[in-house]
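Enquirer: Just so it is clear, I am handing over input.cif, which has mmCIF, C-alpha atoms.
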```cif
data_protein
#
loop_
_atom_site.label_atom_id
_atom_site.label_comp_id
_atom_site.auth_asym_id
_atom_site.auth_seq_id
_atom_site.Cartn_x
_atom_site.Cartn_y
_atom_site.Cartn_z
CA MET A 22 26.82 31.14 -19.81
CA LYS A 23 24.66 33.79 -18.17
CA LEU A 24 23.36 32.87 -14.73
CA THR A 25 19.95 33.96 -13.58
CA ARG A 26 19.72 35.64 -10.18
CA PHE A 27 18.23 32.50 -8.68
CA GLY A 28 20.97 30.42 -10.28
CA LEU A 29 23.67 32.69 -8.87
CA GLU A 30 22.14 32.57 -5.40
CA GLN A 31 21.91 28.78 -5.59
CA LEU A 32 25.53 28.49 -6.77
CA LEU A 33 26.82 30.75 -4.00
CA ALA A 34 24.79 28.87 -1.39
CA ILE A 35 26.32 25.55 -2.47
CA ARG A 36 29.86 26.98 -2.60
CA PHE A 37 29.53 28.54 0.84
CA LEU A 38 28.16 25.29 2.24
CA LEU A 39 30.91 23.10 0.74
CA SER A 40 33.79 25.45 1.58
CA ARG A 41 36.39 23.75 3.83
CA LYS A 42 39.23 26.25 4.22
CA GLY A 43 39.52 27.33 7.85
CA GLU A 44 39.28 25.66 11.23
CA GLY A 45 36.03 27.50 11.90
CA GLU A 46 34.51 26.02 8.77
CA LYS A 47 35.52 22.53 9.87
CA VAL A 48 33.66 23.11 13.11
CA ILE A 49 30.65 24.31 11.13
CA SER A 50 30.92 21.23 8.91
CA THR A 51 30.89 18.97 11.98
CA THR A 52 27.93 20.85 13.43
CA SER A 53 26.10 20.52 10.11
CA GLY A 54 26.71 16.77 10.15
CA ILE A 55 25.28 16.50 13.66
CA ALA A 56 22.27 18.57 12.59
CA VAL A 57 21.68 16.27 9.60
CA VAL A 58 21.95 13.14 11.78
CA GLY A 59 19.51 14.58 14.33
CA MET A 60 17.02 15.51 11.62
CA THR A 61 17.44 12.07 10.00
CA PHE A 62 16.54 10.15 13.16
CA GLY A 63 13.70 12.50 14.05
CA VAL A 64 12.09 12.19 10.62
CA ALA A 65 12.62 8.40 10.53
CA ALA A 66 11.06 7.97 13.98
CA LEU A 67 8.02 10.06 13.03
CA LEU A 68 7.51 8.19 9.75
CA VAL A 69 7.80 4.76 11.41
CA ALA A 70 5.43 5.72 14.24
CA LEU A 71 2.73 7.09 11.93
CA SER A 72 3.02 4.17 9.49
CA VAL A 73 2.81 1.54 12.23
CA ILE A 74 -0.20 3.15 13.93
CA SER A 75 -1.86 3.52 10.51
CA GLY A 76 -1.12 -0.17 9.99
CA PHE A 77 -2.90 -1.06 13.24
CA GLN A 78 -5.90 1.05 12.17
CA ARG A 79 -6.05 -0.62 8.75
CA GLU A 80 -5.68 -4.18 10.09
CA TYR A 81 -8.30 -3.64 12.79
CA LYS A 82 -10.72 -2.19 10.26
CA LYS A 83 -10.02 -5.00 7.79
CA ALA A 84 -10.58 -7.69 10.42
CA LEU A 85 -13.71 -6.02 11.78
CA LEU A 86 -15.24 -5.78 8.32
CA ALA A 87 -14.28 -9.39 7.59
CA PHE A 88 -16.04 -10.63 10.73
CA ASN A 89 -18.82 -8.14 11.43
CA ALA A 90 -21.53 -6.74 9.21
CA HIS A 91 -21.52 -3.02 8.49
CA VAL A 92 -24.75 -2.34 10.39
CA ILE A 93 -26.21 -4.50 13.17
CA LEU A 94 -29.82 -4.34 14.37
CA ILE A 95 -30.55 -6.25 17.56
CA ARG A 96 -33.62 -6.53 19.79
CA SER A 97 -33.63 -7.12 23.55
CA GLU A 98 -36.30 -9.75 22.93
CA GLU A 99 -36.32 -12.15 20.00
CA ILE A 100 -37.51 -10.99 16.56
CA ALA A 101 -40.36 -13.12 15.23
CA ASP A 102 -41.18 -11.34 11.95
CA THR A 103 -38.49 -9.67 9.82
CA LYS A 104 -40.80 -8.49 7.01
CA PRO A 105 -41.73 -5.05 8.50
CA ILE A 106 -38.08 -4.45 9.37
CA LEU A 107 -36.89 -5.20 5.82
CA GLU A 108 -39.56 -2.91 4.36
CA LYS A 109 -38.11 -0.03 6.37
CA LEU A 110 -34.56 -0.95 5.43
CA THR A 111 -35.21 -0.87 1.67
CA LYS A 112 -36.23 2.79 2.01
CA LEU A 113 -32.73 3.66 3.27
CA GLU A 114 -30.83 2.49 0.20
CA SER A 115 -30.58 6.10 -0.97
CA LEU A 116 -27.96 6.48 1.81
CA GLY A 117 -25.95 3.57 0.48
CA ARG A 118 -26.73 0.48 -1.50
CA MET A 119 -27.40 -2.66 0.55
CA LYS A 120 -25.35 -5.66 -0.47
CA GLY A 121 -27.38 -8.12 1.57
CA TRP A 122 -28.54 -9.05 5.05
CA THR A 123 -28.36 -12.08 7.31
CA PRO A 124 -30.25 -13.07 10.47
CA PHE A 125 -28.28 -14.19 13.51
CA ILE A 126 -28.65 -15.69 16.98
CA TYR A 127 -26.34 -14.91 19.91
CA ARG A 128 -25.77 -17.21 22.87
CA GLU A 129 -22.93 -17.56 25.39
CA GLY A 130 -21.52 -20.65 27.04
CA MET A 131 -18.38 -22.52 28.15
CA MET A 132 -16.61 -24.93 25.78
CA ILE A 133 -15.02 -28.02 27.34
CA ALA A 134 -12.41 -29.98 25.36
CA ASN A 135 -9.22 -31.91 26.19
CA GLY A 136 -9.65 -31.12 29.88
CA GLN A 137 -9.75 -27.36 29.27
CA VAL A 138 -12.57 -24.85 29.63
CA HIS A 139 -12.94 -21.70 27.57
CA GLY A 140 -15.70 -19.08 27.33
CA VAL A 141 -17.31 -18.94 23.90
CA VAL A 142 -19.90 -16.83 22.07
CA MET A 143 -22.23 -18.94 19.92
CA LYS A 144 -23.44 -17.23 16.75
CA GLY A 145 -26.10 -18.91 14.65
CA VAL A 146 -26.04 -17.74 11.00
CA ASP A 147 -27.05 -18.82 7.53
CA LEU A 148 -23.56 -20.11 6.71
CA ASP A 149 -23.91 -20.13 2.92
CA HIS A 150 -25.28 -16.58 2.81
CA TYR A 151 -22.94 -15.33 5.52
CA THR A 152 -19.76 -16.60 3.86
CA ASN A 153 -20.78 -14.94 0.57
CA LEU A 154 -21.17 -11.55 2.26
CA SER A 155 -18.26 -11.66 4.71
CA GLN A 156 -14.55 -11.94 3.91
CA MET A 157 -13.79 -14.39 6.68
CA LYS A 158 -11.58 -17.41 5.97
CA ILE A 159 -13.39 -20.66 6.77
CA GLU A 160 -11.66 -24.04 6.56
CA LEU A 161 -13.83 -27.17 6.81
CA PHE A 162 -12.31 -30.44 7.96
CA LYS A 163 -12.06 -33.24 5.40
CA GLU A 164 -14.83 -35.32 6.88
CA GLY A 165 -17.15 -32.27 6.75
CA ARG A 166 -20.67 -32.48 8.04
CA GLU A 167 -21.42 -35.97 6.69
CA ASP A 168 -19.47 -37.87 9.36
CA ASN A 169 -21.99 -37.14 12.12
CA SER A 170 -23.62 -40.38 13.10
CA GLN A 171 -25.05 -38.95 16.33
CA HIS A 172 -26.61 -35.99 14.47
CA LEU A 173 -24.96 -33.46 16.76
CA PRO A 174 -25.22 -29.71 16.08
CA SER A 175 -22.30 -28.49 13.93
CA LEU A 176 -19.77 -25.86 15.01
CA ILE A 177 -17.14 -23.80 13.20
CA ILE A 178 -14.83 -22.34 15.85
CA GLY A 179 -12.06 -19.75 15.78
CA LYS A 180 -8.65 -21.07 14.81
CA THR A 181 -7.02 -19.57 17.90
CA LEU A 182 -9.72 -21.09 20.13
CA ALA A 183 -9.07 -24.50 18.60
CA GLU A 184 -5.34 -24.14 19.29
CA GLU A 185 -5.89 -23.00 22.88
CA LEU A 186 -8.10 -26.04 23.50
CA GLY A 187 -5.40 -28.39 22.26
CA GLY A 188 -6.42 -28.80 18.64
CA VAL A 189 -10.16 -29.45 18.77
CA HIS A 190 -11.19 -31.90 16.06
CA GLY A 191 -14.46 -33.75 16.62
CA GLU A 192 -16.86 -33.65 19.53
CA VAL A 193 -16.82 -30.98 22.24
CA ASN A 194 -19.06 -30.24 25.20
CA LEU A 195 -20.68 -26.87 25.82
CA LEU A 196 -21.92 -25.77 29.21
CA PHE A 197 -24.85 -23.35 29.13
CA PRO A 198 -26.35 -21.52 32.13
CA LYS A 199 -29.66 -22.99 33.16
CA GLY A 200 -32.53 -20.94 31.85
CA ILE A 201 -30.52 -19.44 28.96
CA THR A 202 -33.93 -18.99 27.34
CA PRO A 203 -37.40 -19.60 28.82
CA GLU A 204 -37.72 -22.72 26.69
CA LEU A 205 -34.55 -24.30 28.13
CA VAL A 206 -35.44 -23.91 31.81
CA GLY A 207 -34.92 -27.24 33.54
CA THR A 208 -33.16 -28.92 30.60
CA LYS A 209 -29.74 -30.46 30.80
CA ASN A 210 -27.25 -27.62 30.50
CA ILE A 211 -24.30 -29.61 29.08
CA GLN A 212 -24.66 -30.44 25.39
CA LYS A 213 -22.46 -32.10 22.79
CA PHE A 214 -21.49 -30.41 19.52
CA ARG A 215 -19.38 -31.50 16.60
CA VAL A 216 -16.58 -29.20 15.32
CA ILE A 217 -16.58 -29.37 11.50
CA GLY A 218 -14.08 -26.57 10.76
CA THR A 219 -12.31 -23.39 11.83
CA PHE A 220 -12.43 -19.75 10.80
CA GLU A 221 -9.86 -16.95 10.94
CA SER A 222 -10.73 -13.25 11.04
CA GLY A 223 -7.27 -11.89 11.87
CA LEU A 224 -8.25 -10.51 15.29
CA TYR A 225 -7.41 -12.52 18.40
CA GLU A 226 -10.51 -11.30 20.22
CA TYR A 227 -12.79 -13.01 17.68
CA ASP A 228 -10.64 -16.00 16.74
CA SER A 229 -10.30 -17.02 20.39
CA SER A 230 -13.88 -16.68 21.60
CA PHE A 231 -16.43 -17.15 18.78
CA ALA A 232 -18.11 -20.22 17.28
CA PHE A 233 -20.58 -20.39 14.37
CA LEU A 234 -23.35 -22.89 13.87
CA PRO A 235 -25.96 -23.16 11.09
CA MET A 236 -29.10 -21.09 11.68
CA ASN A 237 -31.53 -24.03 11.42
CA GLU A 238 -29.52 -26.06 13.94
CA ALA A 239 -29.25 -23.06 16.29
CA GLN A 240 -33.01 -22.42 16.20
CA GLN A 241 -33.72 -26.10 16.77
CA PHE A 242 -31.20 -26.52 19.59
CA PHE A 243 -32.24 -23.35 21.42
CA GLN A 244 -35.93 -24.12 20.74
CA MET A 245 -36.57 -20.71 19.20
CA GLY A 246 -38.89 -21.72 16.38
CA GLY A 247 -38.42 -19.12 13.64
CA LYS A 248 -37.21 -16.35 15.94
CA ILE A 249 -33.83 -14.60 15.68
CA SER A 250 -31.73 -12.26 17.84
CA GLY A 251 -31.14 -9.63 15.20
CA ILE A 252 -30.21 -8.71 11.63
CA GLU A 253 -26.82 -7.94 10.11
CA ILE A 254 -26.75 -5.59 7.12
CA TRP A 255 -23.96 -5.52 4.55
CA LEU A 256 -23.44 -2.41 2.40
CA GLN A 257 -21.55 -1.80 -0.82
CA ASN A 258 -19.67 1.00 0.92
CA PRO A 259 -18.82 0.33 4.61
CA GLU A 260 -18.43 4.06 5.26
CA ALA A 261 -22.15 4.53 4.52
CA ALA A 262 -22.90 2.57 7.70
CA PHE A 263 -22.77 5.74 9.82
CA ALA A 264 -25.55 7.40 7.80
CA TRP A 265 -27.59 4.19 8.00
CA VAL A 266 -27.23 4.00 11.78
CA GLU A 267 -28.31 7.62 12.19
CA ALA A 268 -31.37 7.09 9.99
CA MET A 269 -32.29 3.72 11.54
CA ALA A 270 -32.14 5.15 15.06
CA GLN A 271 -35.26 7.19 14.22
CA ASP A 272 -37.27 4.13 13.10
CA PHE A 273 -35.95 1.58 15.57
CA SER A 274 -36.12 2.79 19.16
CA TYR A 275 -36.22 0.63 22.29
CA PRO A 276 -36.28 -2.41 22.48
CA TYR A 277 -34.12 -2.20 19.33
CA SER A 278 -30.46 -1.15 19.24
CA VAL A 279 -28.49 -0.18 16.13
CA PHE A 280 -24.69 -0.33 15.80
CA SER A 281 -22.18 0.31 13.04
CA TRP A 282 -19.03 -1.77 12.60
CA ARG A 283 -17.03 1.04 14.22
CA ASP A 284 -19.36 1.32 17.23
CA LEU A 285 -18.46 -2.24 18.23
CA ASN A 286 -14.85 -1.14 18.84
CA GLU A 287 -15.16 2.64 19.18
CA ASN A 288 -12.79 2.78 22.17
CA LEU A 289 -10.12 0.92 20.23
CA PHE A 290 -10.22 3.33 17.27
CA LYS A 291 -10.28 6.39 19.55
CA ALA A 292 -7.26 5.07 21.44
CA LEU A 293 -5.34 4.59 18.20
CA GLU A 294 -6.22 8.07 16.96
CA LEU A 295 -5.12 9.57 20.28
CA GLU A 296 -1.85 7.60 20.18
CA LYS A 297 -1.24 8.79 16.63
CA LEU A 298 -1.74 12.42 17.68
CA VAL A 299 0.48 12.06 20.76
CA PHE A 300 3.27 10.39 18.77
CA PHE A 301 3.05 13.09 16.12
CA ILE A 302 3.33 15.89 18.71
CA LEU A 303 6.22 14.27 20.62
CA LEU A 304 8.22 13.41 17.53
CA PHE A 305 7.44 16.79 15.99
CA ILE A 306 9.09 18.31 19.07
CA LEU A 307 12.06 15.97 18.50
CA ILE A 308 12.33 17.28 14.94
CA GLY A 309 12.16 20.81 16.32
CA VAL A 310 15.08 20.06 18.65
CA ALA A 311 17.03 18.64 15.69
CA ALA A 312 16.22 21.80 13.74
CA LEU A 313 17.85 23.88 16.48
CA ASN A 314 21.18 22.36 15.47
CA ILE A 315 20.59 23.58 11.93
CA LEU A 316 19.80 27.07 13.20
CA GLY A 317 22.93 27.12 15.36
CA THR A 318 24.97 25.98 12.37
CA LEU A 319 23.41 28.67 10.20
CA SER A 320 24.20 31.39 12.75
CA MET A 321 27.84 30.30 13.03
CA PHE A 322 28.07 29.94 9.27
CA LEU A 323 26.75 33.45 8.59
CA LEU A 324 29.12 35.05 11.10
CA GLN A 325 32.01 33.02 9.67
CA LYS A 326 31.30 34.44 6.21
CA ARG A 327 31.55 38.11 7.22
CA GLN A 328 34.36 38.76 4.76
CA GLU A 329 32.44 37.26 1.82
CA ILE A 330 29.35 39.22 2.86
CA ALA A 331 31.40 42.45 2.86
CA ILE A 332 32.65 41.76 -0.68
CA LEU A 333 29.17 40.98 -1.98
CA ARG A 334 27.77 44.09 -0.27
CA ALA A 335 30.55 46.18 -1.87
CA LEU A 336 29.44 44.79 -5.25
CA GLY A 337 25.96 46.14 -4.60
CA THR A 338 24.21 42.95 -3.44
CA PRO A 339 21.36 43.90 -1.11
CA TRP A 340 20.83 42.08 2.19
CA LYS A 341 17.62 40.53 0.87
CA LYS A 342 19.63 38.63 -1.73
CA LEU A 343 22.30 37.62 0.78
CA ARG A 344 19.62 36.51 3.17
CA ARG A 345 18.18 34.29 0.48
CA ILE A 346 21.58 32.66 -0.06
CA PHE A 347 21.94 31.69 3.58
CA LEU A 348 18.31 30.65 3.74
CA LEU A 349 19.07 28.21 0.92
CA ASP A 350 22.03 26.89 2.94
CA GLY A 351 19.78 26.17 5.91
CA LEU A 352 17.15 24.55 3.69
CA LEU A 353 19.78 22.41 1.93
CA VAL A 354 20.92 21.00 5.27
CA GLY A 355 17.27 20.40 6.18
CA VAL A 356 16.48 18.71 2.86
CA VAL A 357 19.44 16.34 3.26
CA GLY A 358 18.31 15.43 6.80
CA VAL A 359 14.67 14.95 5.77
CA GLY A 360 15.63 12.91 2.70
CA LEU A 361 17.92 10.62 4.69
CA GLY A 362 15.25 10.33 7.38
CA LEU A 363 12.61 9.24 4.85
CA CYS A 364 15.04 6.67 3.42
CA LEU A 365 15.95 5.33 6.87
CA GLY A 366 12.32 5.21 7.95
CA SER A 367 11.31 3.43 4.73
CA GLY A 368 14.07 0.87 5.27
CA ILE A 369 12.90 0.16 8.83
CA LEU A 370 9.30 -0.20 7.65
CA LEU A 371 10.42 -2.56 4.88
CA ILE A 372 12.23 -4.74 7.43
CA LEU A 373 9.15 -4.78 9.68
CA GLN A 374 6.93 -5.73 6.76
CA ILE A 375 9.07 -8.42 5.11
CA TRP A 376 11.04 -10.08 7.93
CA GLN A 377 8.63 -9.25 10.79
CA PRO A 378 11.35 -9.36 13.49
CA ILE A 379 9.00 -8.14 16.22
CA THR A 380 6.25 -10.43 17.50
CA LEU A 381 3.34 -9.18 19.58
CA ALA A 382 1.20 -10.76 22.26
CA PRO A 383 -2.11 -11.23 20.39
CA GLU A 384 -4.13 -11.28 23.61
CA ILE A 385 -2.99 -7.68 24.20
CA TYR A 386 -2.52 -6.19 20.71
CA PHE A 387 -4.98 -8.52 18.88
CA LEU A 388 -2.29 -9.05 16.18
CA LYS A 389 0.75 -11.32 16.08
CA THR A 390 3.14 -9.02 14.18
CA VAL A 391 3.69 -5.28 13.80
CA PRO A 392 1.53 -4.05 10.89
CA VAL A 393 2.85 -1.47 8.43
CA PHE A 394 0.84 0.79 6.15
CA TYR A 395 2.63 2.83 3.48
CA SER A 396 0.79 6.07 2.84
CA TRP A 397 1.79 9.05 0.73
CA GLN A 398 -0.20 11.10 3.18
CA ASN A 399 2.14 10.06 6.01
CA PHE A 400 5.21 10.82 3.87
CA PHE A 401 3.75 14.22 3.01
CA TRP A 402 2.96 15.15 6.61
CA VAL A 403 6.35 14.02 7.89
CA ALA A 404 8.39 15.76 5.17
CA GLY A 405 6.16 18.83 5.14
CA SER A 406 6.17 19.32 8.92
CA ALA A 407 9.95 18.85 9.12
CA MET A 408 10.66 21.34 6.32
CA PHE A 409 8.17 23.80 7.83
CA VAL A 410 10.12 23.74 11.11
CA VAL A 411 13.42 24.24 9.26
CA LEU A 412 12.08 27.06 7.09
CA LEU A 413 10.45 28.86 10.01
CA GLY A 414 13.57 28.49 12.13
CA CYS A 415 15.85 29.77 9.36
CA GLU A 416 13.62 32.79 8.79
CA ILE A 417 13.58 33.68 12.47
CA THR A 418 17.35 33.14 12.78
CA LEU A 419 18.19 35.32 9.78
CA ARG A 420 15.92 38.10 11.01
CA GLY A 421 17.66 37.97 14.36
CA ILE A 422 21.13 37.90 12.79
CA SER A 423 20.34 41.00 10.74
CA LYS A 424 19.93 42.97 13.97
CA ILE A 425 23.28 41.98 15.50
CA ARG A 426 25.47 45.06 16.00
CA ILE A 427 28.62 43.26 14.98
CA LEU A 428 27.56 43.61 11.33
CA PRO A 429 25.59 46.89 11.20
CA SER A 430 27.14 48.24 8.03
CA LEU A 431 27.20 44.97 6.17
CA LEU A 432 23.58 44.02 6.74
CA GLU A 433 21.88 47.30 5.99
CA ALA A 434 19.32 46.93 3.19
#
```
In C-alpha cells, how does this file's structure come out?

Expert:
Amino acid sequence: MKLTRFGLEQLLAIRFLLSRKGEGEKVISTTSGIAVVGMTFGVAALLVALSVISGFQREYKKALLAFNAHVILIRSEEIADTKPILEKLTKLESLGRMKGWTPFIYREGMMIANGQVHGVVMKGVDLDHYTNLSQMKIELFKEGREDNSQHLPSLIIGKTLAEELGGVHGEVNLLFPKGITPELVGTKNIQKFRVIGTFESGLYEYDSSFAFLPMNEAQQFFQMGGKISGIEIWLQNPEAAFAWVEAMAQDFSYPYSVFSWRDLNENLFKALELEKLVFFILLFILIGVAALNILGTLSMFLLQKRQEIAILRALGTPWKKLRRIFLLDGLLVGVVGVGLGLCLGSGILLILQIWQPITLAPEIYFLKTVPVFYSWQNFFWVAGSAMFVVLLGCEITLRGISKIRILPSLLEA
C-alpha cells in the first residue's frame, strides 16, 4: 500500500512517540505523561469554571424574567391616566412586538408573624393578567380566597419569606410608616392581611422580600382611587427591551423613569462577566504552564532522535518535513491532554448537575445549588484556546531547536 506524504509523516510521528527502547525515552515518556496530566487538569478547570459562571448567568436571567417584566415604566408621582402612555407604547412595536402590559403599585412595610419581623415589598398587580404574562410559580392554599370572613386584603408572599417567618398560613400583620401616602396620614399604621398562597421565582432576593396583592384591593387599601405606580411591559423577545428603553427615554423624561430587566440587576451581570473573564485569563495561564511541559518534552524528544533524524536527512527528507513530524508529536500529546480534560470537566459538571453535592448560601449567591450550563461555545473556546497554546508553543520550540549548533548539518533545509 502506497502511503501519502501526510500518511508517512503521521506514521513516523506515532512511531517516534510510542518508541520505548532507551532510558532516555522512558524519561521522555514520563515527562509526556506529566504534560498530559497538567493539560488535563488545566482544561477541566477552565471548562468547569466557564460552565458554572454561565450557569449563574442563565439562572439569574431566567429568574429575573420570571419575576420582572421586560420593560418597566415608573413615575415619581402616581399615574392617573394610562391612555396617553399606551398610545405612545403602541408606536414602538416596530422595535419588538409587545406581548402585554400590567399596571402595578409599590409599597414597603414590615411583616409581623409568629413573633418575627421581616421587611417586605408590597406589589399590587392584576393577578390573573400578571400570572399569564410571567413565568412565576404561584401556589394557592386550599382554602383560597373564600375563607376570609373578616374581608381582609389578600397576600401571596414569597416561599422563602413564608419559611423564614415560621410557615405563614393565615393572618399576618403589616406595619407601614405613617404617612406612606398623603391619604394615609394619621391612620392606623398596623393592618391585618390574609396570606392565601406563596410564589417562587428562583431568586432568594425576591422570594424572601416580596408579597403580591390584587390590584383592586391594593388601590382600595392604600386609598389610591384608580391611580397606579407604574406600568410593566412584556415583549415577545426579552432582548428587544434594550431598544425599547432607549426609544422610551426620549418620550418619557422626568418624572418618569424607564428600566429594562437587566438594568434592575446590572451590577450583578457585570460582576459575573468580569468573573468569567478573570477565570478565563487565570486558567488560560494555567494551561500555558501545562503546555510548557509539552514543549520541554518535545525538545528532549527531538534531541533524543538525532540518529533517526540523520538517517531521514540522508534519505533526502528536508527539515520542513521532519519539523512537521515532530510538530505532530507535540500536537498529539496536546490533543490527548485536551480530550481527557474535556472528559474530566464534563464528568465534574455532570456530578454537579445531577447529585448537586455543593450547597450555597442563598442569601449570598441567591441560589441554593451550583448551576451548570452546557454550551458548545464554552467547549469550543476551551479546546480551541488550549490547542492554540500548544500549537504556538510547538512552533516556537521547533524554530528554536533548528538553530541549535549541536545539529547544524542535520537541520539544514

Enquirer: Using all atoms listed in the file, which protein or nucleic acid residues come within 12 Å of stretch 105-122 of chain A? Drop anything in the same chain fewer than 3 positions from it, and give the result as a ChimeraX atom specification.

Expert: /A:89-96,100-102,125,146-147,150-155,251-273,277

Enquirer: Quick check, in Å to one decimal: how far apart do atom CA of A:Tyr386 and atom CA of A:Lys180 lie?

Expert: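 Separation between atom CA of A:Tyr386 and atom CA of A:Lys180: 17.1 Å.
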
Enquirer: To one decimal place, how far is atom CA of A:Val356 from atom CA of A:Gly414 in Å?

Expert: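 Atom CA of A:Gly414 lies at a distance of 13.8 Å from atom CA of A:Val356.
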
Enquirer: What lies within 7 Å of A:Leu224 using all atoms listed in the file, ignoring chain neighbours under 6 positions off, as a VMD selection string?

Expert: chain A and resid 84 387 to 388

Enquirer: Next, the residues of the selection above should be written as a PDB file, in the coordinates of the input with C-alpha atoms.

Expert:
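The result, stored in again_18.pdb:
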```pdb
ATOM      1  CA  ALA A  84     -10.580  -7.690  10.420  1.00  0.00           C
ATOM      2  CA  PHE A 387      -4.980  -8.520  18.880  1.00  0.00           C
ATOM      3  CA  LEU A 388      -2.290  -9.050  16.180  1.00  0.00           C
TER       4      LEU A 388
END
```

Enquirer: Expand the PyMOL selection byres ((chain A and resi 367-375) around 8) into the individual residues it matches in the shown file, reporting them as a list of chain:residue names.

Expert: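 So the PyMOL selection byres ((chain A and resi 367-375) around 8) ends up selecting A:Ala65, A:Leu68, A:Val69, A:Ser72, A:Leu363, A:Cys364, A:Leu365, A:Gly366, A:Trp376, A:Gln377, A:Pro378, A:Ile379, A:Val391, A:Pro392, A:Val393.
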
Enquirer: Compare A:Leu303, A:Cys415, A:Val354, A:Ile385 by their minimum atom-to-atom distance to A:Glu226, counting all atoms listed in the file, and give me the closest one.

Expert: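 Looking at the shortest contact to A:Glu226, the residue is A:Ile385.
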
Enquirer: Measure the distance from atom CA of A:Asp228 to atom CA of A:Ser278 in Å and round it to one decimal.

Expert: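 About the pair atom CA of A:Asp228 and atom CA of A:Ser278: they are 24.9 Å apart.
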
Enquirer: Compile the contact shell of A:Ile308 as a list in words: residues with an atom at most 8 Å away, counting all atoms listed in the file, same-chain residues fewer than 2 positions apart removed.

Expert: Gly59, Met60, Gly63, Val64, Leu304, Phe305, Ile306, Val310, Ala311, Ala312, Ala407 and Val410 of chain A

Enquirer: Restricting the output to C-alpha atoms, write the selected residues as a compact mmCIF listing (two decimals), in the coordinates of the input.

Expert:
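The resulting file, selection.txt, is shown below:
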```
# COMPACT_ATOMS: atom_id res chain seq x y z
CA GLY A 59 19.51 14.58 14.33
CA MET A 60 17.02 15.51 11.62
CA GLY A 63 13.70 12.50 14.05
CA VAL A 64 12.09 12.19 10.62
CA LEU A 304 8.22 13.41 17.53
CA PHE A 305 7.44 16.79 15.99
CA ILE A 306 9.09 18.31 19.07
CA VAL A 310 15.08 20.06 18.65
CA ALA A 311 17.03 18.64 15.69
CA ALA A 312 16.22 21.80 13.74
CA ALA A 407 9.95 18.85 9.12
CA VAL A 410 10.12 23.74 11.11
```

Enquirer: A:Ala404, A:Val193, A:Leu186, A:Gly309: which is nearest A:Val357, counting all atoms listed in the file?

Expert: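 When distances to A:Val357 are compared using all atoms listed in the file, the smallest one comes from A:Ala404.
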
Enquirer: Around (-20.0, -14.0, 26.0) in the file's frame, which residues reach within 9 Å when counting only C-alpha atoms? Return as a list in words?

Expert: Tyr127, Arg128, Glu129, Gly130, Met131, Gly140, Val141, Val142, Met143, Ser230 and Phe231 of chain A

Enquirer: Kindly extract all protein, DNA and RNA residues lying within 12 Å of the coordinates (-14.7, -25.0, 16.9) given in the file, considering only C-alpha atoms, and supply them as a short mmCIF file (atom, residue, chain, number, x, y, z; two decimals) with C-alpha atoms, in the coordinates of the input.

Expert:
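For reference, part16.cif as written:
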```cif
data_model
loop_
_atom_site.label_atom_id
_atom_site.label_comp_id
_atom_site.auth_asym_id
_atom_site.auth_seq_id
_atom_site.Cartn_x
_atom_site.Cartn_y
_atom_site.Cartn_z
CA MET A 132 -16.61 -24.93 25.78
CA ILE A 133 -15.02 -28.02 27.34
CA ALA A 134 -12.41 -29.98 25.36
CA HIS A 139 -12.94 -21.70 27.57
CA VAL A 141 -17.31 -18.94 23.90
CA VAL A 142 -19.90 -16.83 22.07
CA MET A 143 -22.23 -18.94 19.92
CA LYS A 144 -23.44 -17.23 16.75
CA ILE A 159 -13.39 -20.66 6.77
CA GLU A 160 -11.66 -24.04 6.56
CA LEU A 161 -13.83 -27.17 6.81
CA PHE A 162 -12.31 -30.44 7.96
CA PRO A 174 -25.22 -29.71 16.08
CA SER A 175 -22.30 -28.49 13.93
CA LEU A 176 -19.77 -25.86 15.01
CA ILE A 177 -17.14 -23.80 13.20
CA ILE A 178 -14.83 -22.34 15.85
CA GLY A 179 -12.06 -19.75 15.78
CA LYS A 180 -8.65 -21.07 14.81
CA THR A 181 -7.02 -19.57 17.90
CA LEU A 182 -9.72 -21.09 20.13
CA ALA A 183 -9.07 -24.50 18.60
CA GLU A 184 -5.34 -24.14 19.29
CA GLU A 185 -5.89 -23.00 22.88
CA LEU A 186 -8.10 -26.04 23.50
CA GLY A 187 -5.40 -28.39 22.26
CA GLY A 188 -6.42 -28.80 18.64
CA VAL A 189 -10.16 -29.45 18.77
CA HIS A 190 -11.19 -31.90 16.06
CA GLY A 191 -14.46 -33.75 16.62
CA GLU A 192 -16.86 -33.65 19.53
CA VAL A 193 -16.82 -30.98 22.24
CA ASN A 194 -19.06 -30.24 25.20
CA LEU A 195 -20.68 -26.87 25.82
CA PHE A 214 -21.49 -30.41 19.52
CA ARG A 215 -19.38 -31.50 16.60
CA VAL A 216 -16.58 -29.20 15.32
CA ILE A 217 -16.58 -29.37 11.50
CA GLY A 218 -14.08 -26.57 10.76
CA THR A 219 -12.31 -23.39 11.83
CA PHE A 220 -12.43 -19.75 10.80
CA GLU A 221 -9.86 -16.95 10.94
CA ASP A 228 -10.64 -16.00 16.74
CA SER A 229 -10.30 -17.02 20.39
CA SER A 230 -13.88 -16.68 21.60
CA PHE A 231 -16.43 -17.15 18.78
CA ALA A 232 -18.11 -20.22 17.28
CA PHE A 233 -20.58 -20.39 14.37
CA LEU A 234 -23.35 -22.89 13.87
#
```

Enquirer: So that all listed atoms of stretch 69-82 of chain A fit with 8 Å spare on each side, what axis-aligned box centre and edge lengths in Å, to one decimal, would you give as JSON?

Expert:
```
{"center_x": -1.5, "center_y": 1.5, "center_z": 11.5, "size_x": 34.5, "size_y": 27.3, "size_z": 21.5}
```

Enquirer: Once the PyMOL selection byres ((chain A and resi 246) around 12) has been evaluated on this model, what residues remain selected, and can you format them as a ChimeraX atom specification?

Expert: /A:99-102,126,204,236-245,247-250
